[in-house]
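Enquirer: Dropping the structure in here first, questions after.
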Amino acid sequence: MSDPAPRQPIHDYLAELEDIPGTRIFTAARARKGYWINQFAMSLMKADNRARFKADERAYLDEWTISEPAKQAVLARDYNALLDLGGNVYFLSKLFSTDGLPFAEAVSTMTDMSWPEYRQMMLDGGRSPQGNRSIKGGY
Amino acid sequence: MARITAGIGSSHVPLLGVAVDQGKSRDDYFGPIFAGYDWTKQWVAEAKPDVVILVYNDHASAFDANIIPTFAIGCGERYKPADEGWGPRKVPDVEGHADLAWHIAQSLILDDFDMTIINEMDVDHGLTVPLSMMFGQPVAWPCKVVPLAVNVVTYPVPSGNRCWALGEAIARAVASFPEDLNVQIWGTGGMSHQLQGPRAGLLNREWDNRFLDLLEADDDAVRHIPHIEYLRETGSEGIEMVMWLIMRGALGKAVKRLHRHYHIPCSNTAIGHIVLEPAP
């Protein structure tokens with residue numbers, strides 16, 4: 001094994017992960033905070049759970065130990081709020097499929113674009129990394 | 001003896017599976033993507049691997065938020081396609097190679113890699129989409145598969161350096177398996193994409209191609225790219241490319257590039273793949 005440089009200190013590593021514009025890296029802190037949001041979303045993998053959720057979303061959410069703001073964010077399908085509360089997109093995607101929403105369309109709701117605008121941006125080559133790499137650095 | 005004869009790095013975008021399953025792979029949108037894989041399909045049909053070690057990540061299918069293995073190896077006899085919320089893909093079950101998988105698991109643990117061993121699991125698009133891209137729609141997959149699932153979701157994910165070293169250890173494990181087997185290793189995921197937040201939709205053609213250049217190079221500089229560079233340059237889900245380094249590490253210092261293809265976009269993602277052989 002070759003490891004020429006000493007390992008970066010953990011706090012520097014974690015601080016860098018928070019320095020990306022418009023991005024919530026799924027750190028241990030978020031994984032811990034959003035654990036039950038993600039487990040709730042995971043439960044929608046089962047058809048009978050999907051049916052119960054669709055029949056009464058609020059009642060189904062009340063079976064889970066998740067906070068009121070998180071429940072409101074689920075009901076509103078506010079995915080940016082759910083990311084802030086520790087949700088992860090691969091778990092939240094169970095909610096996309098429960099709603100019958102294509103993945104990319106659901107992703108577009110987290111941006112400032114409409115779905116047709118977002119789709120056109122992707123066809124035109126996607127979002128440029130220019131100016132989107134670092135909050136502090138602004139590059 | 002068993003030997004690793006080739007490696008493939010490839011995207012595993014779920015929409016590609018949908019395109020195959022719904023017969024859309026030659027339409028205007030998907031045509032240029034699938035045309036790029038035509039060469040590889042023909043090559044792999046002639047190369048006839050007995051086993052593919054398939055490095056991928058589970059997308060909240062087999063593993064929930066409870067248990068998060070960094071490196072997990074499938075040692076079972078058979079794996080079913082996972083239901084990812086739309087019903088399971090109608091593709092063949094994946095046949096494992098339990099003898100080889102258990103041998104690799106033991107060898108890796110003796111080599112100081114603390115593997116998680118999986119006996120039963122369903123496999124999601126991360127594993128079945130690359131099979132569809134390389135083999136099309138056969139009645140049964142033409143080779144056995146050793147699934148190797150990597151955590152690239154919850155941080156810290158393994159470093160590129162560690163992934164490369166795991167690949168080296170996998171090559172040693174395969175070389176010490178007594179049966180005569182033609183083994184390929186595929187690293188999947190990527191290339192640039194971000195599926196979350198206001199920055200979603202980020203793509204980076206220039207960086208992705210530099211990464212492909214580094215994979216072809218006769219040195220191991222690519223293993224030292226830090227996580228933050230993948231994240232800044234290629235989006236939060238671009239980190240999946242560390243899984244390609246397990247493939248690359250298994251091929252040794254020098255490689256010969258047989259094929260390479262890149263296309264933007266597929267859904268939210270930049271599609272790329274590369275076929276490499278260990279250089280003699």
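Convention: chains lettered A, B, ... in structure tokens order; per-chain residue numbering from 1; ligands numbered from 1 as shown.
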Using DSSP secondary structure from the backbone, list all strand (DSSP E) positions within range 181-269 of chain B, as a VMD selection string.

Expert: chain B and resid 182 to 188 255 to 266 269

Enquirer: How close does each residue of range 23-57 of chain B get to range 62-71 of chain B, giving the shortest atom pair and distance in Å to one decimal for every residue with an atom at most 12 Å away, counting only C-alpha atoms, sorted by chain and residue number, as a Markdown table?

Expert:
| residue | atom | partner | partner_atom | distance |
| --- | --- | --- | --- | --- |
| B:Val55 | CA | B:Phe71 | CA | 9.6 |
| B:Tyr56 | CA | B:Phe71 | CA | 10.1 |
| B:Asn57 | CA | B:Phe71 | CA | 9.5 |

Enquirer: Give one line per residue of chain B that approaches chain A to at most 6 Å, naming the two atoms of the closest pair and their distance in Å to one decimal, counting only C-alpha atoms; sort by chain then ascending residue number and deliver it as CSV.

Expert:
residue,atom,partner,partner_atom,distance
B:His59,CA,A:Tyr90,CA,5.7
B:Ala60,CA,A:Phe91,CA,5.9
B:Gly85,CA,A:Met45,CA,5.5
B:Thr154,CA,A:Phe26,CA,5.4
B:Tyr155,CA,A:Thr27,CA,4.7
B:Leu195,CA,A:Val107,CA,5.9
B:Gly197,CA,A:Met110,CA,5.1
B:Pro198,CA,A:Thr111,CA,4.1
B:Arg199,CA,A:Gly22,CA,4.8
B:Gly201,CA,A:Arg127,CA,5.4
B:Leu202,CA,A:Arg127,CA,4.2
B:Leu203,CA,A:Gly126,CA,5.2
B:Arg232,CA,A:Arg133,CA,4.6

Enquirer: Emit the selected residues as a compact mmCIF listing (two decimals), in the first residue's frame, including N, CA and C atoms.

Expert:
# COMPACT_ATOMS: atom_id res chain seq x y z
N HIS B 59 -28.51 1.09 -3.57
CA HIS B 59 -29.19 2.38 -3.44
C HIS B 59 -30.40 2.21 -2.54
N ALA B 60 -30.15 1.96 -1.26
CA ALA B 60 -31.24 1.76 -0.30
C ALA B 60 -32.20 0.68 -0.79
N GLY B 85 -39.26 0.06 -6.02
CA GLY B 85 -40.43 0.93 -5.88
C GLY B 85 -41.32 0.90 -7.12
N THR B 154 -22.98 7.13 2.75
CA THR B 154 -22.81 7.72 4.08
C THR B 154 -21.33 8.00 4.32
N TYR B 155 -21.02 9.25 4.69
CA TYR B 155 -19.60 9.65 4.84
C TYR B 155 -19.07 9.35 6.22
N LEU B 195 -27.74 14.44 -7.64
CA LEU B 195 -29.17 14.13 -7.61
C LEU B 195 -29.91 14.88 -6.52
N GLY B 197 -30.49 18.69 -4.01
CA GLY B 197 -30.24 20.08 -3.66
C GLY B 197 -30.28 21.02 -4.86
N PRO B 198 -30.14 22.33 -4.58
CA PRO B 198 -30.19 23.33 -5.65
C PRO B 198 -29.09 23.17 -6.70
N ARG B 199 -27.99 22.47 -6.38
CA ARG B 199 -26.91 22.28 -7.36
C ARG B 199 -27.13 21.05 -8.24
N GLY B 201 -27.94 18.42 -11.06
CA GLY B 201 -27.78 18.54 -12.51
C GLY B 201 -26.37 18.90 -12.93
N LEU B 202 -25.46 19.00 -11.94
CA LEU B 202 -24.08 19.33 -12.30
C LEU B 202 -23.44 18.21 -13.11
N LEU B 203 -22.79 18.58 -14.20
CA LEU B 203 -22.03 17.64 -15.03
C LEU B 203 -20.67 18.27 -15.32
N ARG B 232 -16.70 18.41 -5.40
CA ARG B 232 -16.75 19.75 -5.99
C ARG B 232 -16.89 19.69 -7.51

Enquirer: Hey, can you check how far CA of Pro280 in chain B sits from CA of Ala165 in chain B?

Expert: 20.2 Å

Enquirer: Could you pull out the alpha helix (DSSP H) residues of range 1-117 of chain A, going by DSSP on the backbone, and write them as a PyMOL selection string?

Expert: chain A and resi 10-17+28-33+35-43+47-55+57-61+68-76+79-84+89-98+103-108+115-117

Enquirer: I'd like the interatomic distance between CA of Trp86 in chain B and CA of Lys71 in chain A, to a tenth of an Å.

Expert: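 These two atoms are separated by 23.8 Å.
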
Enquirer: As a PyMOL selection string, please: the residues near Asp50 in chain B (cut-off 12 Å, only C-alpha atoms, same-chain neighbours under 2 positions excluded).

Expert: chain B and resi 2-6+44-48+52-53+95-97+100+141-146+179-185

Enquirer: Report as number ranges by chain all protein, DNA and RNA residues lying within 10 Å of Met241 in chain B, evaluated on only C-alpha atoms, omitting residues in the same chain fewer than 5 positions from it.

Expert: B: 9-11, 56, 152, 160, 187-192, 208, 211, 230, 234, 246

Enquirer: Since we have the selection now, will you write its residues out, keeping N, CA, C and O atoms, as a compact mmCIF listing (two decimals), in the first residue's frame?

Expert:
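Final file, part.txt:
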# COMPACT_ATOMS: atom_id res chain seq x y z
N GLY B 9 -14.91 -0.09 -16.52
CA GLY B 9 -15.53 0.94 -15.69
C GLY B 9 -16.77 1.40 -16.43
O GLY B 9 -16.70 1.63 -17.64
N SER B 10 -17.91 1.50 -15.75
CA SER B 10 -19.13 1.90 -16.46
C SER B 10 -20.14 2.55 -15.53
O SER B 10 -20.30 2.15 -14.38
N SER B 11 -20.86 3.52 -16.07
CA SER B 11 -22.02 4.08 -15.37
C SER B 11 -23.08 2.99 -15.16
O SER B 11 -23.09 2.00 -15.89
N TYR B 56 -20.28 -2.32 -7.16
CA TYR B 56 -21.41 -1.40 -7.33
C TYR B 56 -21.81 -0.89 -5.95
O TYR B 56 -21.24 -1.30 -4.94
N VAL B 152 -20.97 4.22 -0.78
CA VAL B 152 -20.58 5.53 -1.32
C VAL B 152 -21.66 6.56 -1.01
O VAL B 152 -21.79 7.56 -1.68
N GLY B 160 -10.14 6.73 -2.30
CA GLY B 160 -9.69 6.16 -3.58
C GLY B 160 -8.48 5.25 -3.37
O GLY B 160 -8.36 4.19 -4.00
N GLY B 187 -15.98 -2.05 -12.40
CA GLY B 187 -16.27 -0.99 -11.42
C GLY B 187 -17.37 -0.11 -12.00
O GLY B 187 -17.27 0.32 -13.15
N THR B 188 -18.41 0.15 -11.24
CA THR B 188 -19.56 0.85 -11.85
C THR B 188 -19.94 2.10 -11.06
O THR B 188 -19.46 2.34 -9.96
N GLY B 189 -20.84 2.89 -11.65
CA GLY B 189 -21.29 4.14 -11.05
C GLY B 189 -20.77 5.34 -11.80
O GLY B 189 -20.01 5.20 -12.75
N GLY B 190 -21.18 6.54 -11.35
CA GLY B 190 -20.72 7.75 -12.03
C GLY B 190 -21.34 7.89 -13.41
O GLY B 190 -22.29 7.20 -13.72
N MET B 191 -20.80 8.74 -14.28
CA MET B 191 -19.68 9.62 -13.96
C MET B 191 -20.25 10.86 -13.26
O MET B 191 -20.98 10.66 -12.31
N SER B 192 -19.93 12.08 -13.70
CA SER B 192 -20.40 13.22 -12.94
C SER B 192 -21.93 13.23 -12.84
O SER B 192 -22.62 12.99 -13.83
N ASP B 208 -14.40 14.49 -16.07
CA ASP B 208 -14.66 13.07 -16.31
C ASP B 208 -13.64 12.49 -17.29
O ASP B 208 -13.14 11.37 -17.11
N PHE B 211 -10.35 11.99 -15.77
CA PHE B 211 -10.39 10.78 -14.94
C PHE B 211 -10.17 9.54 -15.82
O PHE B 211 -9.40 8.64 -15.46
N TYR B 230 -13.76 15.01 -6.03
CA TYR B 230 -14.90 14.38 -6.73
C TYR B 230 -16.17 15.20 -6.48
O TYR B 230 -16.97 15.43 -7.38
N THR B 234 -17.56 16.93 -9.63
CA THR B 234 -18.42 15.98 -10.37
C THR B 234 -19.78 15.76 -9.70
O THR B 234 -20.53 14.89 -10.12
N ILE B 246 -11.32 0.27 -7.66
CA ILE B 246 -11.18 -1.12 -7.24
C ILE B 246 -10.87 -1.97 -8.48
O ILE B 246 -9.96 -2.80 -8.48

Enquirer: Between A:Thr65, A:Glu18, A:Lys54, A:Pro9, which has the minimum distance to Ile135 in chain A (counting only C-alpha atoms)?

Expert: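 Looking at the shortest contact to Ile135 in chain A, the residue is A:Glu18.
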
Enquirer: When distances are computed from only C-alpha atoms, which of B:Arg26, B:Val139, B:Met134, B:Ile104 shows the smallest separation from Val275 in chain B?

Expert: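 Of B:Arg26, B:Val139, B:Met134, B:Ile104, the one nearest Val275 in chain B, counting only C-alpha atoms, is B:Met134.
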